[in-house]
Amino acid sequence: MLPETIDAGRFSLRPFRAEDAEVVYSYASDAEFLHYLPIPLPYTLASARDFIAKQGALDRLVNPSWALDINGVACGGVNIRFFATHRVAEIGYAVARRRWGQGLASEAARLVISVAFERLPELTRVRAMADARNVASIRVMEKLGMRREGLLRSDREFRGELTDEVVHGILRSEWHP
Ligand SMILES: CC(C)(COP(=O)(O)OP(=O)(O)OC[C@H]1O[C@@H](n2cnc3c(N)ncnc32)[C@H](O)[C@@H]1OP(=O)(O)O)[C@@H](O)C(=O)NCCC(=O)NCCS
């Protein structure tokens, strides 16, 4: 089981709380933030409440999820989902637009992957996937040391069209914490 909270100094990772709904609504309803994300449109306060309730209901053994907290304010989130009896994982991340470009997504994802490799000796591979046009997300994967493994053409149904997705991955043997 990965820890419920992780302290990174300038931010911490902790579970989403019901009180985060307003701030989640405010950053997640931003058109640039949700541009490549499969989240409901229009994004309302009820969508944010629903998101938080769903995060709380996730099985932490299989799909732990954290809010990225700066001074008590949720500014994004990270999650990791395990497959194949914890031998494979997929990482996901999002940061409020006003905090972009501060290295937060890379640092948060790096922390979670480090903890996962430390705590789960069977974990062999971590992957990440993104819309092929999502350059910021792909850059985060590169900064994590992930290798581009493939382009899945017209693979995902996204707001009425089929879009290309990239897959990046890193193996335990390649991970440098
Ligand atoms: C993707 C996302 C999480 C990145 O968060 P972040 O905290 O800004 O990420 P970081 O600061 O750690 O790294 C971002 C990198 O992308 C680069 N980048 C950002 N926009 C870019 C652009 N348009 N073109 C090229 N590079 C870009 C940044 O310069 C930085 O790289 P650098 O450190 O080498 O300069 C954030 O943009 C986001 O939340 N987007 C909306 C949600 C989303 O798409 N999540 C990913 C789903 S797969």
# chains A, B, ... in the order shown; residues from 1 in each chain; ligands from 1
call {"tool": "residues_near_ligand", "arguments": {"ligand": "ligand 1", "cutoff": "8 Å", "atoms": "only C-alpha atoms and all ligand atoms", "output": "count of residues only"}}
result
34
call {"tool": "residues_around", "arguments": {"residues": "stretch 78-81 of chain A", "least_positions_apart": "3", "cutoff": "12 Å", "atoms": "only C-alpha atoms", "output": "ChimeraX atom specification"}}
result
/A:1-2,4-6,12-16,55,58-69,74-75,84-96,104-117,123,125-129
call {"tool": "atom_distance", "arguments": {"atom1": "atom CA of A:Leu151", "atom2": "atom CA of A:Glu165"}}
result
5.8 Å
call {"tool": "select_by_dssp", "arguments": {"residues": "chain A", "states": "strand (DSSP E)", "output": "PyMOL selection string"}}
result
chain A and resi 6-7+12-14+65-70+73-83+88-95+125-131+147-158+161-171
call {"tool": "atom_distance", "arguments": {"atom1": "atom CA of A:Pro177", "atom2": "atom CA of A:Pro121"}}
result
14.8 Å
call {"tool": "closest_residue", "arguments": {"among": "A:Arg98, A:Arg119, A:Ser154, A:Arg133", "to": "A:Asp30", "atoms": "only C-alpha atoms"}}
result
A:Arg98
call {"tool": "residues_around", "arguments": {"residues": "A:Glu174", "least_positions_apart": "2", "cutoff": "9 Å", "atoms": "only C-alpha atoms", "output": "MDAnalysis selection string"}}
result
chainID A and resid 145:146 170:172 176
call {"tool": "write_last_selection", "arguments": {"atoms": "all heavy atoms", "output": "CSV table (one decimal), in the first residue's frame"}}
result
chain,number,residue,atom,x,y,z
A,145,GLY,N,12.2,10.5,-17.4
A,145,GLY,CA,13.2,9.5,-17.9
A,145,GLY,C,12.5,8.4,-18.7
A,145,GLY,O,13.1,7.4,-19.0
A,146,MET,N,11.2,8.6,-19.0
A,146,MET,CA,10.5,7.6,-19.7
A,146,MET,C,10.9,7.6,-21.2
A,146,MET,O,11.2,8.6,-21.7
A,146,MET,CB,8.9,7.8,-19.6
A,146,MET,CG,8.4,7.5,-18.2
A,146,MET,SD,6.6,7.8,-18.2
A,146,MET,CE,6.2,7.1,-16.6
A,170,ILE,N,8.8,3.4,-18.4
A,170,ILE,CA,10.1,3.2,-17.8
A,170,ILE,C,10.1,1.9,-17.0
A,170,ILE,O,9.1,1.5,-16.4
A,170,ILE,CB,10.5,4.4,-17.0
A,170,ILE,CG1,12.0,4.3,-16.6
A,170,ILE,CG2,9.6,4.6,-15.8
A,170,ILE,CD1,12.6,5.7,-16.2
A,171,LEU,N,11.2,1.2,-17.1
A,171,LEU,CA,11.4,-0.1,-16.3
A,171,LEU,C,12.1,0.2,-15.0
A,171,LEU,O,12.9,1.1,-15.0
A,171,LEU,CB,12.1,-1.1,-17.2
A,171,LEU,CG,11.5,-1.4,-18.6
A,171,LEU,CD1,12.4,-2.5,-19.3
A,171,LEU,CD2,10.1,-1.9,-18.4
A,172,ARG,N,11.9,-0.7,-14.1
A,172,ARG,CA,12.6,-0.5,-12.8
A,172,ARG,C,14.1,-0.4,-13.1
A,172,ARG,O,14.8,0.4,-12.4
A,172,ARG,CB,12.4,-1.8,-11.9
A,172,ARG,CG,13.2,-1.8,-10.6
A,172,ARG,CD,12.9,-3.0,-9.8
A,172,ARG,NE,11.6,-3.1,-9.2
A,172,ARG,CZ,11.3,-2.5,-8.1
A,172,ARG,NH1,12.2,-1.8,-7.4
A,172,ARG,NH2,10.1,-2.5,-7.6
A,176,HIS,N,16.1,6.0,-12.1
A,176,HIS,CA,17.1,6.7,-11.2
A,176,HIS,C,16.4,7.6,-10.3
A,176,HIS,O,16.1,8.7,-10.7
A,176,HIS,CB,18.2,7.4,-12.1
A,176,HIS,CG,18.8,6.5,-13.1
A,176,HIS,ND1,19.6,5.5,-12.8
A,176,HIS,CD2,18.7,6.5,-14.5
A,176,HIS,CE1,20.0,4.9,-13.9
A,176,HIS,NE2,19.5,5.5,-14.9
